[in-house]
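Here is the file work.cif (mmCIF, C-alpha atoms and all ligand atoms).
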```
data_final
loop_
_atom_site.group_PDB
_atom_site.id
_atom_site.type_symbol
_atom_site.label_atom_id
_atom_site.label_comp_id
_atom_site.auth_asym_id
_atom_site.auth_seq_id
_atom_site.Cartn_x
_atom_site.Cartn_y
_atom_site.Cartn_z
ATOM 1 C CA MET A 1 0.000 0.000 0.000
ATOM 2 C CA LEU A 2 1.158 3.510 -0.847
ATOM 3 C CA VAL A 3 1.996 5.675 2.188
ATOM 4 C CA THR A 4 3.788 8.964 2.890
ATOM 5 C CA LEU A 5 7.208 9.299 4.505
ATOM 6 C CA LYS A 6 5.555 10.629 7.646
ATOM 7 C CA GLU A 7 3.311 7.548 7.844
ATOM 8 C CA ILE A 8 6.085 5.034 7.183
ATOM 9 C CA CYS A 9 8.342 6.636 9.809
ATOM 10 C CA LYS A 10 5.475 6.393 12.311
ATOM 11 C CA ILE A 11 5.198 2.661 11.559
ATOM 12 C CA ALA A 12 8.971 2.307 12.034
ATOM 13 C CA ASP A 13 8.752 4.205 15.305
ATOM 14 C CA GLU A 14 5.974 1.975 16.664
ATOM 15 C CA ARG A 15 7.868 -1.184 15.690
ATOM 16 C CA GLY A 16 11.213 0.116 16.993
ATOM 17 C CA ILE A 17 12.866 -0.473 13.614
ATOM 18 C CA GLY A 18 14.499 1.541 10.839
ATOM 19 C CA VAL A 19 13.108 1.699 7.321
ATOM 20 C CA GLY A 20 15.386 1.306 4.316
ATOM 21 C CA ALA A 21 15.224 3.625 1.295
ATOM 22 C CA PHE A 22 16.516 1.976 -1.862
ATOM 23 C CA ASN A 23 17.110 3.594 -5.251
ATOM 24 C CA VAL A 24 15.368 1.790 -8.098
ATOM 25 C CA PRO A 25 16.856 3.002 -11.409
ATOM 26 C CA ASN A 26 15.578 -0.078 -13.294
ATOM 27 C CA LEU A 27 12.752 -2.621 -13.100
ATOM 28 C CA GLU A 28 15.055 -5.304 -11.680
ATOM 29 C CA ALA A 29 16.017 -3.101 -8.719
ATOM 30 C CA LEU A 30 12.356 -2.185 -8.182
ATOM 31 C CA THR A 31 11.109 -5.792 -8.116
ATOM 32 C CA ALA A 32 14.124 -6.946 -6.068
ATOM 33 C CA VAL A 33 13.406 -4.363 -3.354
ATOM 34 C CA VAL A 34 9.623 -4.802 -3.201
ATOM 35 C CA GLU A 35 9.791 -8.617 -3.246
ATOM 36 C CA ALA A 36 12.396 -8.545 -0.459
ATOM 37 C CA ALA A 37 10.166 -6.227 1.608
ATOM 38 C CA GLU A 38 7.106 -8.426 1.106
ATOM 39 C CA GLU A 39 8.979 -11.609 2.006
ATOM 40 C CA LEU A 40 10.306 -10.020 5.222
ATOM 41 C CA ASN A 41 7.122 -8.060 6.009
ATOM 42 C CA ALA A 42 9.169 -4.856 6.114
ATOM 43 C CA PRO A 43 7.903 -1.342 5.361
ATOM 44 C CA VAL A 44 10.030 0.101 2.570
ATOM 45 C CA ILE A 45 10.868 3.325 0.752
ATOM 46 C CA ILE A 46 11.562 3.132 -2.984
ATOM 47 C CA ALA A 47 13.460 6.113 -4.312
ATOM 48 C CA HIS A 48 14.319 7.867 -7.528
ATOM 49 C CA VAL A 49 17.441 10.041 -7.417
ATOM 50 C CA GLU A 50 17.631 13.067 -9.663
ATOM 51 C CA ILE A 51 21.115 11.999 -10.762
ATOM 52 C CA HIS A 52 19.710 8.664 -12.067
ATOM 53 C CA GLU A 53 17.683 10.516 -14.713
ATOM 54 C CA LYS A 54 20.380 9.405 -17.170
ATOM 55 C CA TYR A 55 19.464 5.736 -16.531
ATOM 56 C CA VAL A 56 15.700 6.202 -16.445
ATOM 57 C CA PRO A 57 13.635 9.412 -16.449
ATOM 58 C CA ILE A 58 11.170 9.960 -13.604
ATOM 59 C CA GLU A 59 8.327 10.150 -16.160
ATOM 60 C CA VAL A 60 9.028 6.502 -17.108
ATOM 61 C CA ILE A 61 9.878 4.834 -13.793
ATOM 62 C CA GLY A 62 7.749 7.097 -11.527
ATOM 63 C CA PRO A 63 4.276 5.811 -12.520
ATOM 64 C CA ILE A 64 5.548 2.189 -12.315
ATOM 65 C CA MET A 65 6.903 2.865 -8.809
ATOM 66 C CA ILE A 66 3.516 4.275 -7.717
ATOM 67 C CA GLU A 67 1.602 1.333 -9.208
ATOM 68 C CA THR A 68 3.963 -1.199 -7.597
ATOM 69 C CA ALA A 69 3.614 0.548 -4.225
ATOM 70 C CA LYS A 70 -0.200 0.484 -4.414
ATOM 71 C CA ASN A 71 -0.209 -3.245 -5.156
ATOM 72 C CA ALA A 72 2.349 -4.218 -2.497
ATOM 73 C CA SER A 73 1.296 -6.136 0.611
ATOM 74 C CA VAL A 74 3.534 -3.938 2.811
ATOM 75 C CA PRO A 75 3.571 -0.132 3.309
ATOM 76 C CA VAL A 76 5.629 1.492 0.532
ATOM 77 C CA CYS A 77 6.626 5.159 0.319
ATOM 78 C CA VAL A 78 7.601 6.537 -3.110
ATOM 79 C CA HIS A 79 10.335 9.112 -2.582
ATOM 80 C CA LEU A 80 12.365 11.551 -4.676
ATOM 81 C CA ASP A 81 15.896 11.565 -3.256
ATOM 82 C CA HIS A 82 18.282 14.511 -3.470
ATOM 83 C CA GLY A 83 15.913 16.746 -5.415
ATOM 84 C CA THR A 84 17.884 19.878 -6.180
ATOM 85 C CA SER A 85 15.664 21.685 -8.679
ATOM 86 C CA LEU A 86 12.094 22.867 -8.286
ATOM 87 C CA ASN A 87 11.454 21.426 -11.751
ATOM 88 C CA GLU A 88 12.338 17.837 -10.739
ATOM 89 C CA ILE A 89 10.432 18.116 -7.460
ATOM 90 C CA MET A 90 7.323 19.400 -9.273
ATOM 91 C CA LYS A 91 7.535 16.447 -11.682
ATOM 92 C CA ALA A 92 7.625 14.021 -8.733
ATOM 93 C CA LEU A 93 4.641 15.739 -7.096
ATOM 94 C CA ARG A 94 2.616 15.616 -10.317
ATOM 95 C CA ILE A 95 3.352 11.910 -10.820
ATOM 96 C CA GLY A 96 2.097 11.182 -7.296
ATOM 97 C CA PHE A 97 5.252 10.663 -5.209
ATOM 98 C CA THR A 98 4.372 10.626 -1.512
ATOM 99 C CA SER A 99 7.673 12.111 -0.375
ATOM 100 C CA VAL A 100 10.294 14.479 -1.785
ATOM 101 C CA MET A 101 13.721 15.478 -0.604
ATOM 102 C CA ILE A 102 14.942 19.003 -1.205
ATOM 103 C CA ASP A 103 18.704 18.978 -0.908
ATOM 104 C CA ALA A 104 19.973 22.533 -0.560
ATOM 105 C CA SER A 105 22.654 21.475 1.942
ATOM 106 C CA SER A 106 25.491 22.730 -0.215
ATOM 107 C CA GLU A 107 23.994 26.254 -0.060
ATOM 108 C CA ASP A 108 24.528 28.545 2.931
ATOM 109 C CA TYR A 109 22.234 28.037 5.934
ATOM 110 C CA ASP A 110 19.752 30.824 5.127
ATOM 111 C CA THR A 111 19.358 29.739 1.501
ATOM 112 C CA ASN A 112 18.848 26.135 2.650
ATOM 113 C CA VAL A 113 16.043 27.349 4.998
ATOM 114 C CA GLU A 114 14.388 29.462 2.284
ATOM 115 C CA ARG A 115 14.487 26.753 -0.406
ATOM 116 C CA THR A 116 13.293 24.058 2.007
ATOM 117 C CA LYS A 117 10.427 26.267 3.201
ATOM 118 C CA GLU A 118 9.257 26.829 -0.368
ATOM 119 C CA ILE A 119 9.117 23.073 -1.079
ATOM 120 C CA VAL A 120 7.410 22.363 2.264
ATOM 121 C CA ARG A 121 4.709 24.912 1.415
ATOM 122 C CA ILE A 122 3.992 23.312 -1.994
ATOM 123 C CA ALA A 123 4.321 19.646 -0.937
ATOM 124 C CA HIS A 124 2.303 19.935 2.277
ATOM 125 C CA GLY A 125 -0.500 21.506 0.267
ATOM 126 C CA MET A 126 -0.607 18.222 -1.683
ATOM 127 C CA GLY A 127 -0.314 15.962 1.394
ATOM 128 C CA VAL A 128 3.272 15.001 0.547
ATOM 129 C CA SER A 129 6.105 14.690 3.092
ATOM 130 C CA VAL A 130 9.403 16.572 2.745
ATOM 131 C CA GLU A 131 12.923 15.582 3.757
ATOM 132 C CA ALA A 132 15.733 18.163 3.894
ATOM 133 C CA GLU A 133 19.422 17.943 4.672
ATOM 134 C CA LEU A 134 21.470 19.983 7.126
ATOM 135 C CA GLY A 135 25.210 19.621 7.425
ATOM 136 C CA HIS A 136 26.972 18.031 4.511
ATOM 137 C CA ILE A 137 27.093 14.291 3.806
ATOM 138 C CA LEU A 138 30.419 13.521 2.163
ATOM 139 C CA VAL A 139 30.745 11.966 -1.271
ATOM 140 C CA SER A 140 33.508 9.391 -1.768
ATOM 141 C CA GLU A 141 35.328 8.968 -5.028
ATOM 142 C CA LYS A 142 34.020 5.549 -6.008
ATOM 143 C CA GLY A 143 30.497 4.554 -6.860
ATOM 144 C CA ALA A 144 28.598 7.518 -5.458
ATOM 145 C CA SER A 145 25.270 8.110 -7.147
ATOM 146 C CA GLU A 146 24.752 11.656 -5.950
ATOM 147 C CA GLY A 147 26.657 14.904 -5.503
ATOM 148 C CA ASP A 148 30.172 16.084 -6.271
ATOM 149 C CA VAL A 149 33.151 14.199 -4.832
ATOM 150 C CA THR A 150 34.287 15.813 -1.560
ATOM 151 C CA PRO A 151 37.848 17.191 -1.886
ATOM 152 C CA ASN A 152 40.572 15.582 0.277
ATOM 153 C CA ASN A 153 41.337 18.764 2.211
ATOM 154 C CA VAL A 154 37.857 18.904 3.764
ATOM 155 C CA ASN A 155 37.772 17.774 7.410
ATOM 156 C CA PRO A 156 34.666 15.531 7.720
ATOM 157 C CA LYS A 157 33.960 16.840 11.222
ATOM 158 C CA ASP A 158 33.453 20.361 9.849
ATOM 159 C CA CYS A 159 30.509 18.989 7.833
ATOM 160 C CA TYR A 160 28.678 17.308 10.755
ATOM 161 C CA THR A 161 25.201 18.535 11.650
ATOM 162 C CA ASP A 162 25.103 20.891 14.618
ATOM 163 C CA PRO A 163 22.286 19.869 17.044
ATOM 164 C CA GLU A 164 21.230 23.428 17.925
ATOM 165 C CA LYS A 165 21.228 24.506 14.265
ATOM 166 C CA ALA A 166 19.115 21.417 13.497
ATOM 167 C CA ARG A 167 16.523 22.458 16.092
ATOM 168 C CA GLU A 168 16.318 25.936 14.605
ATOM 169 C CA PHE A 169 16.189 24.571 11.023
ATOM 170 C CA VAL A 170 13.279 22.228 11.739
ATOM 171 C CA LYS A 171 11.356 24.952 13.588
ATOM 172 C CA ASN A 172 11.824 27.396 10.694
ATOM 173 C CA THR A 173 11.079 25.030 7.818
ATOM 174 C CA GLU A 174 8.460 22.635 9.319
ATOM 175 C CA VAL A 175 10.127 19.830 7.393
ATOM 176 C CA ASP A 176 8.989 16.203 8.090
ATOM 177 C CA ALA A 177 12.367 14.409 8.179
ATOM 178 C CA LEU A 178 15.968 15.571 8.371
ATOM 179 C CA ALA A 179 19.072 14.011 6.828
ATOM 180 C CA ILE A 180 21.988 14.567 9.177
ATOM 181 C CA ALA A 181 25.756 14.272 8.743
ATOM 182 C CA PHE A 182 27.698 12.287 11.362
ATOM 183 C CA GLY A 183 30.451 10.597 9.375
ATOM 184 C CA THR A 184 28.750 8.526 6.669
ATOM 185 C CA ALA A 185 29.498 9.148 2.985
ATOM 186 C CA HIS A 186 27.836 8.404 -0.340
ATOM 187 C CA GLY A 187 29.459 5.697 -2.461
ATOM 188 C CA VAL A 188 32.135 3.157 -1.545
ATOM 189 C CA TYR A 189 34.282 4.066 1.466
ATOM 190 C CA ALA A 190 38.020 4.343 0.824
ATOM 191 C CA ALA A 191 38.650 3.531 4.510
ATOM 192 C CA LYS A 192 36.389 2.272 7.294
ATOM 193 C CA PRO A 193 34.154 5.219 8.268
ATOM 194 C CA VAL A 194 34.351 6.646 11.787
ATOM 195 C CA LEU A 195 30.808 7.455 12.860
ATOM 196 C CA ASP A 196 29.808 9.960 15.532
ATOM 197 C CA LEU A 197 26.802 7.904 16.692
ATOM 198 C CA GLN A 198 26.487 9.977 19.876
ATOM 199 C CA ARG A 199 25.644 13.008 17.740
ATOM 200 C CA ILE A 200 22.416 11.333 16.555
ATOM 201 C CA MET A 201 21.187 11.252 20.164
ATOM 202 C CA GLU A 202 22.176 14.868 20.743
ATOM 203 C CA ILE A 203 20.178 15.918 17.675
ATOM 204 C CA LYS A 204 17.270 13.642 18.626
ATOM 205 C CA LYS A 205 17.026 15.396 22.020
ATOM 206 C CA LYS A 206 16.439 18.726 20.255
ATOM 207 C CA ILE A 207 13.949 17.746 17.522
ATOM 208 C CA ASP A 208 11.117 15.245 17.342
ATOM 209 C CA ILE A 209 10.970 14.458 13.619
ATOM 210 C CA PRO A 210 12.505 11.330 12.017
ATOM 211 C CA LEU A 211 16.249 11.522 11.344
ATOM 212 C CA VAL A 212 17.711 10.161 8.122
ATOM 213 C CA MET A 213 21.042 8.449 7.497
ATOM 214 C CA HIS A 214 22.533 8.691 4.017
ATOM 215 C CA GLY A 215 25.490 6.675 2.776
ATOM 216 C CA GLY A 216 24.520 3.387 4.458
ATOM 217 C CA SER A 217 26.709 1.091 2.347
ATOM 218 C CA GLY A 218 29.791 -0.172 4.213
ATOM 219 C CA VAL A 219 28.391 0.556 7.686
ATOM 220 C CA SER A 220 28.459 -2.519 9.976
ATOM 221 C CA SER A 221 25.201 -4.070 11.165
ATOM 222 C CA ASP A 222 26.048 -3.158 14.786
ATOM 223 C CA GLU A 223 26.553 0.473 13.768
ATOM 224 C CA PHE A 224 23.220 0.460 11.902
ATOM 225 C CA LYS A 225 21.443 -0.896 14.969
ATOM 226 C CA THR A 226 23.023 1.681 17.288
ATOM 227 C CA ALA A 227 22.115 4.439 14.831
ATOM 228 C CA ILE A 228 18.484 3.229 14.794
ATOM 229 C CA GLN A 229 18.381 2.978 18.596
ATOM 230 C CA ASN A 230 19.815 6.501 18.815
ATOM 231 C CA GLY A 231 17.081 7.973 16.609
ATOM 232 C CA ILE A 232 17.654 7.198 12.917
ATOM 233 C CA LYS A 233 14.385 6.172 11.209
ATOM 234 C CA LYS A 234 15.169 6.217 7.470
ATOM 235 C CA ILE A 235 18.334 4.697 6.061
ATOM 236 C CA ASN A 236 19.422 5.297 2.469
ATOM 237 C CA TYR A 237 21.072 2.198 1.052
ATOM 238 C CA TYR A 238 22.018 1.595 -2.565
ATOM 239 C CA THR A 239 25.698 1.266 -3.535
ATOM 240 C CA TYR A 240 26.318 -2.206 -2.067
ATOM 241 C CA MET A 241 23.036 -3.502 -3.458
ATOM 242 C CA ALA A 242 24.033 -2.333 -6.949
ATOM 243 C CA LEU A 243 27.495 -3.904 -6.566
ATOM 244 C CA ALA A 244 25.900 -7.194 -5.440
ATOM 245 C CA GLY A 245 23.745 -7.232 -8.582
ATOM 246 C CA ALA A 246 26.792 -6.674 -10.775
ATOM 247 C CA ASP A 247 28.774 -9.387 -8.948
ATOM 248 C CA ARG A 248 26.014 -11.918 -9.594
ATOM 249 C CA VAL A 249 25.916 -11.011 -13.292
ATOM 250 C CA LYS A 250 29.702 -11.425 -13.606
ATOM 251 C CA LYS A 251 29.497 -14.831 -11.910
ATOM 252 C CA PHE A 252 26.544 -15.902 -14.074
ATOM 253 C CA LEU A 253 28.314 -14.890 -17.286
ATOM 254 C CA TYR A 254 31.509 -16.627 -16.265
ATOM 255 C CA GLU A 255 29.700 -19.852 -15.362
ATOM 256 C CA ASN A 256 27.738 -19.808 -18.617
ATOM 257 C CA ARG A 257 30.529 -18.546 -20.870
ATOM 258 C CA ASP A 258 30.252 -21.579 -23.190
ATOM 259 C CA ASP A 259 26.448 -21.614 -23.291
ATOM 260 C CA ASP A 260 25.119 -20.054 -26.525
ATOM 261 C CA SER A 261 21.514 -20.149 -25.330
ATOM 262 C CA VAL A 262 21.928 -17.406 -22.676
ATOM 263 C CA GLN A 263 19.604 -14.515 -23.467
ATOM 264 C CA PHE A 264 19.595 -10.965 -22.165
ATOM 265 C CA HIS A 265 16.659 -11.546 -19.788
ATOM 266 C CA ASP A 266 18.646 -14.359 -18.116
ATOM 267 C CA ILE A 267 21.392 -11.854 -17.338
ATOM 268 C CA VAL A 268 19.114 -9.202 -15.816
ATOM 269 C CA MET A 269 17.304 -11.840 -13.735
ATOM 270 C CA ALA A 270 20.634 -12.953 -12.287
ATOM 271 C CA GLY A 271 21.349 -9.324 -11.381
ATOM 272 C CA LYS A 272 17.940 -8.995 -9.764
ATOM 273 C CA GLU A 273 18.478 -12.055 -7.565
ATOM 274 C CA GLY A 274 21.887 -10.725 -6.494
ATOM 275 C CA MET A 275 20.362 -7.383 -5.489
ATOM 276 C CA LYS A 276 17.432 -9.020 -3.714
ATOM 277 C CA GLU A 277 19.703 -11.158 -1.533
ATOM 278 C CA ASN A 278 21.776 -8.123 -0.552
ATOM 279 C CA VAL A 279 18.665 -6.020 0.170
ATOM 280 C CA LYS A 280 17.258 -8.754 2.417
ATOM 281 C CA ILE A 281 20.404 -8.751 4.544
ATOM 282 C CA ALA A 282 20.190 -4.952 4.902
ATOM 283 C CA MET A 283 16.459 -5.096 5.674
ATOM 284 C CA ASN A 284 16.943 -7.718 8.378
ATOM 285 C CA THR A 285 19.447 -5.418 10.056
ATOM 286 C CA PHE A 286 17.026 -2.475 9.863
ATOM 287 C CA LEU A 287 14.343 -4.781 11.348
ATOM 288 C CA MET A 288 16.808 -5.187 14.270
ATOM 289 C CA LYS A 289 17.076 -8.944 13.670
HETATM 290 ZN ZN ZN B 1 22.033 10.724 -0.046
#
```
Structure encoded using structure tokens:
Amino acid sequence: MLVTLKEICKIADERGIGVGAFNVPNLEALTAVVEAAEELNAPVIIAHVEIHEKYVPIEVIGPIMIETAKNASVPVCVHLDHGTSLNEIMKALRIGFTSVMIDASSEDYDTNVERTKEIVRIAHGMGVSVEAELGHILVSEKGASEGDVTPNNVNPKDCYTDPEKAREFVKNTEVDALAIAFGTAHGVYAAKPVLDLQRIMEIKKKIDIPLVMHGGSGVSSDEFKTAIQNGIKKINYYTYMALAGADRVKKFLYENRDDDSVQFHDIVMAGKEGMKENVKIAMNTFLMK
């Protein structure tokens, strides 16, 4: 069933779990994620990222995402991730997305507040939830699907979300969920990330809306669970799922290298199964199992 971000975070809160948000830039990723959620009875967020427009435009995949969500046996939120332009966000709203993220975190604080407020005003008028970002989530060199690569001379700690600023930001914008920076990064980590998990609790004490963790790939299951216990409700997870799909395809092609009957659909199905297995492991962690 199709639900908003606000509703799905409430379900997560009541169950004491986190809810995963997975990018679905192709039909195989979409079916892998929704089947995994149904098999594990997990609420799930399926997301389109603006930067994936080059793989599939929102006009093509968006209506399929909505239809799939409506027909699912578990609560599904259809979310636009890292929306940076009003144009893309308006497209998502028109298609029927139940949640949009406005990412103006690379702007200065006041501009971030103003741009977030504008989207909140439009989206709330349509019954749609809004996520914003405060602080800056780093982007690693390899495999990131959003944002510009963070230069080496940036100290990650300077980008962390300040709890008091977060309180003020939420009060001023009336946003429904907030992505915070505490040491995670988009893409594949070059070294093991050092997470400031304590910071989540400090932010949680100041604001009572769901907190969002981006850059979930490469974080250990213990760290995920602590993050959820400390106040994270939505977890963005994609890179490792996409790598798992590719790994399965490579293995499948190698094993069948002498078989002339392999067709293209066999290859994509192998990729789907690889992604589904990886997503189920992540989901079980978010379900605190
Ligand atoms: Zn992100």
* So how far away is CA of Glu174 in chain A from CA of Gly127 in chain A, in Å? -> 13.6 Å
* **Ground truth for the PyMOL selection byres (((chain A and resi 237) around 12) and not hetatm), written as a ChimeraX atom specification** => /A:18-24,33,44-47,81,144-145,184-188,212-219,224,234-236,238-243,275,278-283,285-286
* Hey, what's within 8 Å of range 206-208 of chain A if we count only C-alpha atoms and toss same-chain stuff fewer than 6 positions away? As a PyMOL selection string, please? -> chain A and resi 163-164+166-167+170
Using only C-alpha atoms, please write the residues we just selected to a file, as a PDB file, in the frame of the given file.
```
ATOM      1  CA  PRO A 163      22.286  19.869  17.044  1.00  0.00           C
ATOM      2  CA  GLU A 164      21.230  23.428  17.925  1.00  0.00           C
ATOM      3  CA  ALA A 166      19.115  21.417  13.497  1.00  0.00           C
ATOM      4  CA  ARG A 167      16.523  22.458  16.092  1.00  0.00           C
ATOM      5  CA  VAL A 170      13.279  22.228  11.739  1.00  0.00           C
TER       6      VAL A 170
END
```
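Between CA of Asp176 in chain A and CA of Ile232 in chain A the interatomic distance comes to 13.4 Å.
Going from CA of Glu114 in chain A over to CA of Val128 in chain A, you cover 18.3 Å.
Ranking A:Leu138, A:Ala12, A:Ile66, A:Ile58 by their shortest atom-to-atom distance to ligand ZN 1 (chain B), with all atoms listed in the file included, puts A:Leu138 first.
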* the PyMOL selection byres (((chain A and resi 26) around 12) and not hetatm) applied to the shown file, residues as a PyMOL selection string -> chain A and resi 22-25+27-33+46-49+52-58+60-62+64-65+242+245+268-269+271-272+275
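Here the question is which of A:Leu287, A:Glu133, A:Phe97, A:Phe169 gets nearest to Asp110 in chain A using all atoms listed in the file, and that residue is A:Phe169.
Counting all atoms listed in the file, Leu195 in chain A has the following residues at most 10 Å away, ignoring those fewer than 6 positions along the same chain: Ala181, Phe182, Gly183, Thr184, Val219, Glu223 and Ala227 of chain A.
Using all atoms listed in the file, the shortest contact distance between Ser73 in chain A and any of A:Ile200, A:Leu40, A:Val100, A:Val262 is found at A:Leu40.
The shortest atom-to-atom distance to ligand ZN 1 (chain B), with only C-alpha atoms and all ligand atoms taken into account, belongs to A:Val139 out of A:Ala72, A:Ile17, A:Ile95, A:Val139.
Closest to ligand ZN 1 (chain B) among A:Ser220, A:Ser105, A:Ser129, A:Thr68 is A:Ser105, based on all atoms listed in the file.
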